[in-house]
$ cat upload_32.txt   # compact mmCIF, N, CA, C and O atoms
# COMPACT_ATOMS: atom_id res chain seq x y z
N MET A 1 127.14 92.85 55.79
CA MET A 1 127.00 91.73 54.87
C MET A 1 125.57 91.18 54.80
O MET A 1 125.11 90.87 53.72
N PRO A 2 124.85 91.05 55.95
CA PRO A 2 123.46 90.57 55.84
C PRO A 2 122.57 91.50 55.03
O PRO A 2 121.67 91.04 54.34
N ALA A 3 122.83 92.80 55.08
CA ALA A 3 122.02 93.74 54.30
C ALA A 3 122.15 93.47 52.81
O ALA A 3 121.17 93.55 52.07
N ILE A 4 123.35 93.13 52.37
CA ILE A 4 123.57 92.83 50.95
C ILE A 4 122.81 91.56 50.57
O ILE A 4 122.15 91.51 49.52
N ILE A 5 122.89 90.55 51.40
CA ILE A 5 122.23 89.28 51.10
C ILE A 5 120.71 89.46 51.09
O ILE A 5 120.03 88.98 50.18
N TYR A 6 120.16 90.15 52.09
CA TYR A 6 118.72 90.38 52.13
C TYR A 6 118.27 91.19 50.91
O TYR A 6 117.21 90.91 50.33
N SER A 7 119.06 92.19 50.53
CA SER A 7 118.70 93.01 49.37
C SER A 7 118.75 92.20 48.09
O SER A 7 117.86 92.33 47.23
N LEU A 8 119.75 91.35 47.94
CA LEU A 8 119.83 90.51 46.75
C LEU A 8 118.67 89.53 46.68
O LEU A 8 118.14 89.25 45.60
N CYS A 9 118.25 89.00 47.83
CA CYS A 9 117.09 88.11 47.85
C CYS A 9 115.81 88.85 47.43
O CYS A 9 115.00 88.32 46.68
N ALA A 10 115.64 90.07 47.91
CA ALA A 10 114.47 90.86 47.54
C ALA A 10 114.48 91.19 46.06
O ALA A 10 113.45 91.09 45.37
N ILE A 11 115.62 91.57 45.54
CA ILE A 11 115.73 91.91 44.11
C ILE A 11 115.46 90.67 43.26
O ILE A 11 114.75 90.74 42.24
N THR A 12 116.00 89.53 43.66
CA THR A 12 115.77 88.29 42.91
C THR A 12 114.30 87.91 42.92
O THR A 12 113.74 87.50 41.89
N SER A 13 113.65 88.05 44.05
CA SER A 13 112.23 87.73 44.13
C SER A 13 111.40 88.67 43.26
O SER A 13 110.46 88.22 42.59
N MET A 14 111.73 89.95 43.25
CA MET A 14 111.01 90.89 42.40
C MET A 14 111.24 90.60 40.92
O MET A 14 110.33 90.71 40.11
N LEU A 15 112.45 90.21 40.58
CA LEU A 15 112.77 89.86 39.20
C LEU A 15 112.00 88.61 38.77
O LEU A 15 111.47 88.56 37.65
N CYS A 16 111.91 87.62 39.64
CA CYS A 16 111.12 86.42 39.33
C CYS A 16 109.65 86.76 39.16
O CYS A 16 108.98 86.23 38.27
N THR A 17 109.13 87.65 40.00
CA THR A 17 107.74 88.09 39.87
C THR A 17 107.51 88.71 38.51
O THR A 17 106.55 88.37 37.81
N TRP A 18 108.38 89.60 38.12
CA TRP A 18 108.24 90.30 36.85
C TRP A 18 108.30 89.31 35.68
O TRP A 18 107.48 89.37 34.75
N MET A 19 109.26 88.38 35.72
CA MET A 19 109.40 87.44 34.61
C MET A 19 108.22 86.46 34.54
O MET A 19 107.75 86.14 33.44
N LEU A 20 107.73 85.99 35.68
CA LEU A 20 106.60 85.08 35.67
C LEU A 20 105.32 85.74 35.16
O LEU A 20 104.59 85.17 34.35
N LEU A 21 105.06 86.95 35.63
CA LEU A 21 103.85 87.64 35.17
C LEU A 21 103.95 88.07 33.71
O LEU A 21 102.95 88.07 32.99
N ARG A 22 105.14 88.40 33.26
CA ARG A 22 105.34 88.73 31.84
C ARG A 22 105.12 87.49 30.98
O ARG A 22 104.49 87.55 29.92
N ALA A 23 105.61 86.34 31.44
CA ALA A 23 105.40 85.09 30.70
C ALA A 23 103.93 84.70 30.71
O ALA A 23 103.42 84.18 29.70
N TYR A 24 103.23 84.95 31.80
CA TYR A 24 101.79 84.67 31.84
C TYR A 24 101.05 85.54 30.82
O TYR A 24 100.17 85.06 30.12
N ARG A 25 101.40 86.81 30.77
CA ARG A 25 100.74 87.71 29.83
C ARG A 25 100.99 87.28 28.39
O ARG A 25 100.12 87.41 27.53
N ARG A 26 102.15 86.73 28.13
CA ARG A 26 102.50 86.31 26.78
C ARG A 26 101.86 84.97 26.41
O ARG A 26 101.37 84.79 25.31
N ASN A 27 101.88 84.00 27.34
CA ASN A 27 101.42 82.64 27.04
C ASN A 27 100.02 82.33 27.53
O ASN A 27 99.33 81.51 26.95
N GLY A 28 99.64 82.90 28.65
CA GLY A 28 98.32 82.65 29.20
C GLY A 28 98.21 81.40 30.06
O GLY A 28 97.11 80.99 30.40
N TYR A 29 99.33 80.77 30.43
CA TYR A 29 99.29 79.62 31.32
C TYR A 29 98.98 80.08 32.74
O TYR A 29 99.70 80.89 33.31
N ARG A 30 97.93 79.52 33.31
CA ARG A 30 97.46 79.99 34.62
C ARG A 30 98.46 79.72 35.75
O ARG A 30 98.53 80.47 36.70
N LEU A 31 99.23 78.64 35.64
CA LEU A 31 100.20 78.34 36.69
C LEU A 31 101.27 79.42 36.78
O LEU A 31 101.78 79.71 37.87
N LEU A 32 101.60 80.05 35.66
CA LEU A 32 102.54 81.18 35.69
C LEU A 32 101.96 82.34 36.49
O LEU A 32 102.68 83.03 37.22
N PHE A 33 100.66 82.56 36.35
CA PHE A 33 100.00 83.63 37.10
C PHE A 33 100.05 83.37 38.60
O PHE A 33 100.39 84.25 39.38
N TRP A 34 99.69 82.14 39.00
CA TRP A 34 99.70 81.81 40.42
C TRP A 34 101.11 81.86 41.00
O TRP A 34 101.31 82.30 42.13
N SER A 35 102.09 81.42 40.22
CA SER A 35 103.48 81.49 40.67
C SER A 35 103.94 82.94 40.79
O SER A 35 104.68 83.29 41.71
N GLY A 36 103.51 83.77 39.85
CA GLY A 36 103.86 85.19 39.92
C GLY A 36 103.29 85.87 41.14
O GLY A 36 103.95 86.69 41.79
N LEU A 37 102.04 85.52 41.48
CA LEU A 37 101.45 86.08 42.70
C LEU A 37 102.18 85.60 43.94
O LEU A 37 102.37 86.37 44.89
N CYS A 38 102.60 84.35 43.94
CA CYS A 38 103.36 83.82 45.07
C CYS A 38 104.68 84.57 45.23
O CYS A 38 105.04 84.97 46.34
N PHE A 39 105.37 84.79 44.14
CA PHE A 39 106.64 85.51 44.23
C PHE A 39 106.44 86.99 44.57
O PHE A 39 107.31 87.59 45.20
N ALA A 40 105.32 87.56 44.21
CA ALA A 40 105.03 88.94 44.63
C ALA A 40 104.89 89.00 46.15
O ALA A 40 105.41 89.91 46.81
N GLY A 41 104.21 88.01 46.71
CA GLY A 41 104.11 87.94 48.17
C GLY A 41 105.45 87.68 48.83
O GLY A 41 105.75 88.22 49.89
N MET A 42 106.28 86.86 48.20
CA MET A 42 107.61 86.61 48.74
C MET A 42 108.48 87.88 48.67
O MET A 42 109.34 88.09 49.52
N SER A 43 108.24 88.71 47.66
CA SER A 43 108.94 89.99 47.59
C SER A 43 108.57 90.87 48.78
O SER A 43 109.43 91.51 49.39
N VAL A 44 107.28 90.89 49.10
CA VAL A 44 106.83 91.64 50.28
C VAL A 44 107.48 91.08 51.54
O VAL A 44 107.93 91.83 52.41
N ASN A 45 107.56 89.76 51.62
CA ASN A 45 108.19 89.13 52.77
C ASN A 45 109.66 89.53 52.87
O ASN A 45 110.17 89.81 53.96
N ASN A 46 110.37 89.56 51.76
CA ASN A 46 111.78 89.96 51.78
C ASN A 46 111.96 91.43 52.17
O ASN A 46 112.90 91.78 52.88
N ILE A 47 111.05 92.27 51.73
CA ILE A 47 111.12 93.68 52.11
C ILE A 47 110.86 93.83 53.61
O ILE A 47 111.54 94.60 54.30
N LEU A 48 109.90 93.07 54.13
CA LEU A 48 109.65 93.09 55.57
C LEU A 48 110.85 92.56 56.35
O LEU A 48 111.14 93.04 57.45
N LEU A 49 111.55 91.59 55.79
CA LEU A 49 112.75 91.07 56.44
C LEU A 49 113.82 92.15 56.53
O LEU A 49 114.48 92.31 57.57
N ILE A 50 114.00 92.91 55.47
CA ILE A 50 114.98 94.01 55.48
C ILE A 50 114.59 95.04 56.53
O ILE A 50 115.43 95.52 57.29
N LEU A 51 113.30 95.37 56.57
CA LEU A 51 112.85 96.34 57.56
C LEU A 51 113.04 95.82 58.98
O LEU A 51 113.43 96.57 59.88
N ASP A 52 112.77 94.54 59.18
CA ASP A 52 112.85 93.96 60.51
C ASP A 52 114.29 93.83 61.00
O ASP A 52 114.59 94.14 62.15
N ARG A 53 115.18 93.38 60.14
CA ARG A 53 116.55 93.08 60.57
C ARG A 53 117.53 94.24 60.40
O ARG A 53 118.50 94.34 61.15
N ILE A 54 117.31 95.10 59.42
CA ILE A 54 118.30 96.14 59.12
C ILE A 54 117.81 97.53 59.55
O ILE A 54 118.51 98.25 60.25
N VAL A 55 116.59 97.91 59.14
CA VAL A 55 116.11 99.27 59.41
C VAL A 55 115.69 99.44 60.86
O VAL A 55 116.07 100.42 61.52
N PHE A 56 114.88 98.51 61.38
CA PHE A 56 114.39 98.58 62.76
C PHE A 56 114.85 97.35 63.54
O PHE A 56 114.03 96.52 63.94
N PRO A 57 116.13 97.18 63.83
CA PRO A 57 116.59 95.93 64.44
C PRO A 57 116.10 95.70 65.87
O PRO A 57 115.86 94.56 66.26
N THR A 58 115.93 96.72 66.65
CA THR A 58 115.54 96.51 68.04
C THR A 58 114.21 97.14 68.40
O THR A 58 113.57 96.71 69.36
N SER A 59 113.78 98.14 67.68
CA SER A 59 112.60 98.88 68.10
C SER A 59 111.29 98.22 67.69
O SER A 59 110.29 98.33 68.40
N VAL A 60 111.26 97.53 66.55
CA VAL A 60 110.01 96.96 66.05
C VAL A 60 110.24 95.48 65.74
O VAL A 60 111.25 95.12 65.14
N ASP A 61 109.29 94.64 66.14
CA ASP A 61 109.37 93.22 65.82
C ASP A 61 108.31 92.90 64.76
O ASP A 61 107.12 92.99 65.03
N LEU A 62 108.77 92.56 63.57
CA LEU A 62 107.86 92.31 62.46
C LEU A 62 107.71 90.83 62.13
O LEU A 62 107.29 90.48 61.03
N ILE A 63 108.03 89.96 63.05
CA ILE A 63 107.99 88.53 62.76
C ILE A 63 106.58 88.06 62.43
O ILE A 63 106.39 87.25 61.51
N SER A 64 105.57 88.56 63.12
CA SER A 64 104.21 88.12 62.83
C SER A 64 103.76 88.62 61.46
O SER A 64 103.05 87.90 60.74
N TRP A 65 104.16 89.82 61.07
CA TRP A 65 103.84 90.34 59.73
C TRP A 65 104.56 89.53 58.66
O TRP A 65 104.00 89.26 57.59
N ARG A 66 105.80 89.15 58.94
CA ARG A 66 106.55 88.35 57.96
C ARG A 66 105.93 86.98 57.78
O ARG A 66 105.81 86.47 56.66
N LEU A 67 105.52 86.35 58.87
CA LEU A 67 104.90 85.03 58.78
C LEU A 67 103.54 85.11 58.07
O LEU A 67 103.19 84.23 57.28
N ALA A 68 102.79 86.16 58.36
CA ALA A 68 101.49 86.32 57.69
C ALA A 68 101.67 86.56 56.20
O ALA A 68 100.91 86.01 55.38
N SER A 69 102.67 87.35 55.83
CA SER A 69 102.89 87.60 54.40
C SER A 69 103.36 86.33 53.68
O SER A 69 103.01 86.10 52.53
N THR A 70 104.11 85.49 54.37
CA THR A 70 104.52 84.21 53.77
C THR A 70 103.32 83.31 53.55
O THR A 70 103.19 82.69 52.49
N LEU A 71 102.43 83.23 54.53
CA LEU A 71 101.23 82.42 54.38
C LEU A 71 100.36 82.93 53.24
O LEU A 71 99.91 82.15 52.39
N ILE A 72 100.16 84.23 53.19
CA ILE A 72 99.34 84.81 52.13
C ILE A 72 100.00 84.62 50.77
O ILE A 72 99.32 84.41 49.76
N ALA A 73 101.33 84.65 50.72
CA ALA A 73 102.04 84.45 49.46
C ALA A 73 101.91 83.03 48.95
O ALA A 73 101.83 82.80 47.74
N LEU A 74 101.88 82.06 49.84
CA LEU A 74 101.81 80.67 49.42
C LEU A 74 100.41 80.21 49.05
O LEU A 74 100.25 79.23 48.32
N LEU A 75 99.39 80.89 49.52
CA LEU A 75 98.02 80.48 49.24
C LEU A 75 97.67 80.50 47.75
O LEU A 75 97.04 79.55 47.27
N PRO A 76 98.03 81.54 46.98
CA PRO A 76 97.70 81.48 45.54
C PRO A 76 98.39 80.33 44.81
O PRO A 76 97.79 79.69 43.95
N LEU A 77 99.63 80.06 45.16
CA LEU A 77 100.33 78.95 44.51
C LEU A 77 99.70 77.62 44.90
O LEU A 77 99.53 76.74 44.05
N LEU A 78 99.32 77.47 46.14
CA LEU A 78 98.66 76.25 46.58
C LEU A 78 97.32 76.07 45.85
O LEU A 78 97.01 74.98 45.38
N TYR A 79 96.57 77.14 45.72
CA TYR A 79 95.31 77.08 44.97
C TYR A 79 95.57 76.70 43.52
O TYR A 79 94.87 75.85 42.96
N GLY A 80 96.56 77.32 42.91
CA GLY A 80 96.86 77.01 41.52
C GLY A 80 97.32 75.58 41.31
O GLY A 80 96.97 74.96 40.30
N LEU A 81 98.07 75.05 42.25
CA LEU A 81 98.54 73.67 42.10
C LEU A 81 97.43 72.66 42.33
O LEU A 81 97.41 71.59 41.72
N ILE A 82 96.47 72.98 43.18
CA ILE A 82 95.40 72.03 43.49
C ILE A 82 94.26 72.12 42.49
O ILE A 82 93.81 71.10 41.96
N TRP A 83 93.79 73.31 42.20
CA TRP A 83 92.54 73.45 41.45
C TRP A 83 92.72 73.68 39.95
O TRP A 83 91.78 73.48 39.20
N GLU A 84 93.86 74.14 39.51
CA GLU A 84 94.06 74.36 38.08
C GLU A 84 94.45 73.05 37.41
O GLU A 84 95.14 72.22 37.98
N GLU A 85 94.02 72.88 36.20
CA GLU A 85 94.32 71.65 35.47
C GLU A 85 95.56 71.81 34.63
O GLU A 85 95.86 72.81 34.10
$ encode --input "upload_32.txt" --output "structure tokens"
Amino acid sequence: MPAIIYSLCAITSMLCTWMLLRAYRRNGYRLLFWSGLCFAGMSVNNILLILDRIVFPTSVDLISWRLASTLIALLPLLYGLIWEE
């Protein structure tokens, strides 16, 4: 059951990335671009979660990689919210 939930979260995050970047390309609003980059990073985080919990449950600990990818994913959105008008 956790594999299904983790997979659905990853698919949802990838779908949000695609829709946000497509809307940015169409409209040109910069906040859509920063949000799309954030969701792309969250997609990477969800994929790392699947690898950590399902594929390599005991042999590899990817918690530091997951936390780093979350931080890197949030930085573009934080920049966009602070510096974009």
$ closest_residue --input "upload_32.txt" --among "A:Ser59, A:Leu48, A:Glu85, A:Trp34" --to "Ala73 in chain A" --atoms "only N, CA, C and O atoms"
A:Trp34
$ closest_residue --input "upload_32.txt" --among "A:Ala68, A:Ile4, A:Cys16, A:Ala23" --to "Ala40 in chain A" --atoms "only N, CA, C and O atoms"
A:Cys16
$ closest_residue --input "upload_32.txt" --among "A:Ile63, A:Ile5, A:Leu20, A:Leu78" --to "Phe33 in chain A" --atoms "only C-alpha atoms"
A:Leu20
$ atom_distance --input "upload_32.txt" --atom1 "CA of Thr12 in chain A" --atom2 "CA of Leu37 in chain A"
14.5 Å
$ atom_distance --input "upload_32.txt" --atom1 "CA of Leu51 in chain A" --atom2 "atom C of Thr70 in chain A"
16.6 Å
$ atom_distance --input "upload_32.txt" --atom1 "CA of Gly28 in chain A" --atom2 "CA of Ile82 in chain A"
18.0 Å
$ closest_residue --input "upload_32.txt" --among "A:Leu32, A:Val60, A:Cys38, A:Leu49" --to "Ser7 in chain A" --atoms "only C-alpha atoms"
A:Leu49
$ residues_around --input "upload_32.txt" --residues "Arg30 in chain A" --least-positions-apart "6" --cutoff "7 Å" --atoms "only N, CA, C and O atoms" --output "mmCIF file with N, CA, C and O atoms, in the coordinates of the input"
data_model
loop_
_atom_site.group_PDB
_atom_site.id
_atom_site.type_symbol
_atom_site.label_atom_id
_atom_site.label_comp_id
_atom_site.auth_asym_id
_atom_site.auth_seq_id
_atom_site.Cartn_x
_atom_site.Cartn_y
_atom_site.Cartn_z
ATOM 1 N N TYR A 24 103.230 84.950 31.800
ATOM 2 C CA TYR A 24 101.790 84.670 31.840
ATOM 3 C C TYR A 24 101.050 85.540 30.820
ATOM 4 O O TYR A 24 100.170 85.060 30.120
ATOM 5 N N GLY A 36 103.510 83.770 39.850
ATOM 6 C CA GLY A 36 103.860 85.190 39.920
ATOM 7 C C GLY A 36 103.290 85.870 41.140
ATOM 8 O O GLY A 36 103.950 86.690 41.790
ATOM 9 N N GLY A 80 96.560 77.320 42.910
ATOM 10 C CA GLY A 80 96.860 77.010 41.520
ATOM 11 C C GLY A 80 97.320 75.580 41.310
ATOM 12 O O GLY A 80 96.970 74.960 40.300
#
$ closest_residue --input "upload_32.txt" --among "A:Leu81, A:Leu74, A:Leu31, A:Cys9" --to "Ile47 in chain A" --atoms "all atoms listed in the file"
A:Cys9
$ closest_residue --input "upload_32.txt" --among "A:Ser69, A:Ile11, A:Pro57, A:Glu84" --to "Asn45 in chain A" --atoms "all atoms listed in the file"
A:Ser69
